[in-house]
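Worksheet: one structure, shown below.
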Amino acid sequence: MKNIFLVAYLDIKESLRSKWFYVYSVVFGGLMALFFITGVSDSVVMGFTGLSRMLLIFIQVTIIILPIFILITTVKSISGDRESNVLEYMLSFPVALKDYYWGKMLGRFLTVFMPVFLALLLGVVFGLFKGGELPWRMVFLYSTLLFSLSFVFLGLAFFLSTLVKSTDIALGSSFVVWIAMLAFIDIALMGLMLQNRMNDGLIIVLAMLNPIEVFRIGAISLFDPELTVIGPVAYYLLDTLGATLLMVYAIIYPIIMGAILAYLGYIAFRKKDLL
Amino acid sequence: MLVKVQKVSKVFMGSRVLDNVDLTVERGDRIAMMGPNGAGKTTLVRAILGFYHIDSGVISVNGYDPVKQRVDVLKNISFIPQLPPPVKLSLEELLLYVERSSGVSRAKIFEESNRMDLDLKKHISKPFFKLSGGMKQKLLIAIALSKKSDLLIFDEPTANLDPKGREKFYELLGEIDVSCSTLFITHRLDEIEGLVNRKIYMDLGKVVEDEKV
Ligand SMILES: Nc1ncnc2c1ncn2[C@@H]1O[C@H](COP(=O)(O)OP(=O)(O)OP(=O)(O)O)[C@@H](O)[C@H]1O
Ligand SMILES: [Mg+2]
């Protein structure tokens, strides 16, 4: 445990200086700013008012950008250091592998979660400023969902990063995973369902295993408790599980999944050659 | 006995890079390790440092297993890699890492850097990878010498140094505590001839010659 915070701190310092971090922060911060400039928050559409409307758009953007951003920037963290021999030097000091790996993970989590979270807070502050009524419960649950989403993709990135030896393959495979999950949100699922090629149970299971889908259902159920806007699978889940259980699942499942993946990555880190 | 390598083999993608290597390093040994490119020198050193899971054989350093007890092993070893790594941390941060993880005092690193003619203060907030090749190497040397170790492992540490830097480096090496062992991988024996008391040749993954001088 001795060096875990040291490694995390240094990883954060390194990220804060890197270009990807600026792009990342500007994307999310800028997005929020844009919403307010363009007045999205003032509109009343489909029954969502002001702040909620803005949060909803923010979610849609997050679903697409956040996972790939986390994957691209993080999947290189261990495999890249290994390739460039940075790992060889850093690990020639008496630091336990446990501290190194989990320290990197902790540092990376803070760097990817903070900008999104702060952008969300920015939105809330703007909203309050404009005199909107603050949906506290929604903001809280939504932050928690963001936390879960970041966590599962971070776990996945660390898993790929330690398992795969070359950065290119790690990047490529994370891209494939991302596309597959994104595609399965709607297009593939709907198509399969319509064609009746697969039984419905399987489709439901696929949807529930896909962290992007889980996040989407969870997040949108905050705004549209009937989930009328997002299709039959979500609707079925809501119907079977009920709103509370669905939310609990949407928060807990990605965290468990992320923890398992991160742990598998850690095992690979320890059991395979470090270089 | 400091390092004990017994019948160690390591296979990479079908080729036996270390082939039944036996080697012991005693306290006070000053070793020059030589051999053609690809002989397995770096691989052997990395195995001693616990980076590889060897396919057969046993390695122990001060009685510890380099993989299972890496912290105990690495506490007592200073290492300079073959190529300076492109570390993105600033010098400030790198020093913090060394200081905290290995209990080296910053003042000591500054002192050693000064003796290597490296002005750390001037570059302290620069990222490490932006230093010149020779400066990087000087800093790695200063760090390695500051860390109190029983064994110094240098994988061709002078490649990027200018003649003056090299001279300084050998001068500093002459001052190392006699109880401390050193293992140099080098292709230029003539330069360190006076500093070593043992020569090891490796070829094709084996130690083919081991002589005391
Ligand atoms: N991680 C690895 N994966 C696959 N092959 C490797 C790996 N590391 C080393 N090798 C191979 O092992 C052999 C020995 O490499 P090593 O780096 O130990 O040589 P060396 O004696 O240090 O040579 P040099 O004098 O050029 O530094 C080489 O053929 C190299 O290609
Ligand atoms: Mg080598």
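Note on naming: chains are A, B, ... as they come in the structure tokens, residues start from 1 per chain, ligands start from 1 in the order shown.
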
- Task: Counting only C-alpha atoms and all ligand atoms, name the residues that have an atom within 12 Å of an atom of ligand 2; the answer should be given as a list in words.
- Result: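 The residues within 12 Å of ligand 2, counting only C-alpha atoms and all ligand atoms, are Val17, Met33, Met34, Gly35, Pro36, Asn37, Gly38, Ala39, Gly40, Lys41, Thr42, Thr43, Leu44, Val45, Arg46, Ile80, Pro81, Gln82, Leu83, Phe154, Asp155, Glu156, Pro157, Ala159, Phe184, Ile185, Thr186, His187 and Met202 of chain B.
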
Taking only C-alpha atoms into account, what are the residues of chain A at most 6 Å from chain B, put as a list in words?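 Using only C-alpha atoms, chain A residues at most 6 Å from chain B: Glu14, Asn85, Val86, Phe93, Pro94, Val95, Ala96, Asp273 and Leu274 of chain A.
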
In terms of only C-alpha atoms and all ligand atoms, the residue from B:Val213, B:Lys206, B:Ser105, B:Gly174 at minimal distance from ligand 1 is B:Lys206

Of the listed residues B:Arg188, B:Gly134, B:Lys7, B:Cys180, that which approaches B:Asn160 most closely, counting only C-alpha atoms: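 Distance minimum relative to B:Asn160 lands on B:Gly134.
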
| task | Could you give me, as a PyMOL selection string, each residue of stretch 7-179 of chain B that DSSP assigns to alpha helix (DSSP H) when run on this structure's backbone? | result | chain B and resi 41-48+70-74+91-102+106-115+120-123+133-146+163-174

Q) Between atom CA of B:Tyr201 and atom CA of B:Asp29, what is the spacing in Å? A)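 Computing it gives 15.2 Å between the two atoms.
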
Under the rule that only C-alpha atoms are counted, which of A:Leu66, A:Asp99, A:Val112, A:Asn3 is the nearest residue to A:Tyr22?
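Counting only C-alpha atoms, the residue closest to A:Tyr22 is A:Val112.
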
(message) Report, in Å with one decimal, the straight-line distance from atom CA of A:Tyr263 to atom CA of A:Tyr101.
(response)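 Calculated distance between atom CA of A:Tyr263 and atom CA of A:Tyr101 is 9.9 Å.
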
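Each of B:Gln6, B:Ser15, B:Tyr170, B:Ile200 was compared to ligand 1 using only C-alpha atoms and all ligand atoms, and B:Ser15 turns out to be the nearest.
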
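By chain and then residue number, the residues within 12 Å of B:Leu173 are Arg30, Glu112, Arg115, Met116, Ile141, Ala142, Ala144, Leu145, Ser146, Leu152, Phe154, Pro157, Arg166, Glu167, Lys168, Phe169, Asp177, Val178, Cys180, Ser181, Thr182, Leu183, Phe184, Ile192, Gly194, Leu195 and Val196 of chain B, counting only C-alpha atoms and disregarding those fewer than 4 positions away in sequence.
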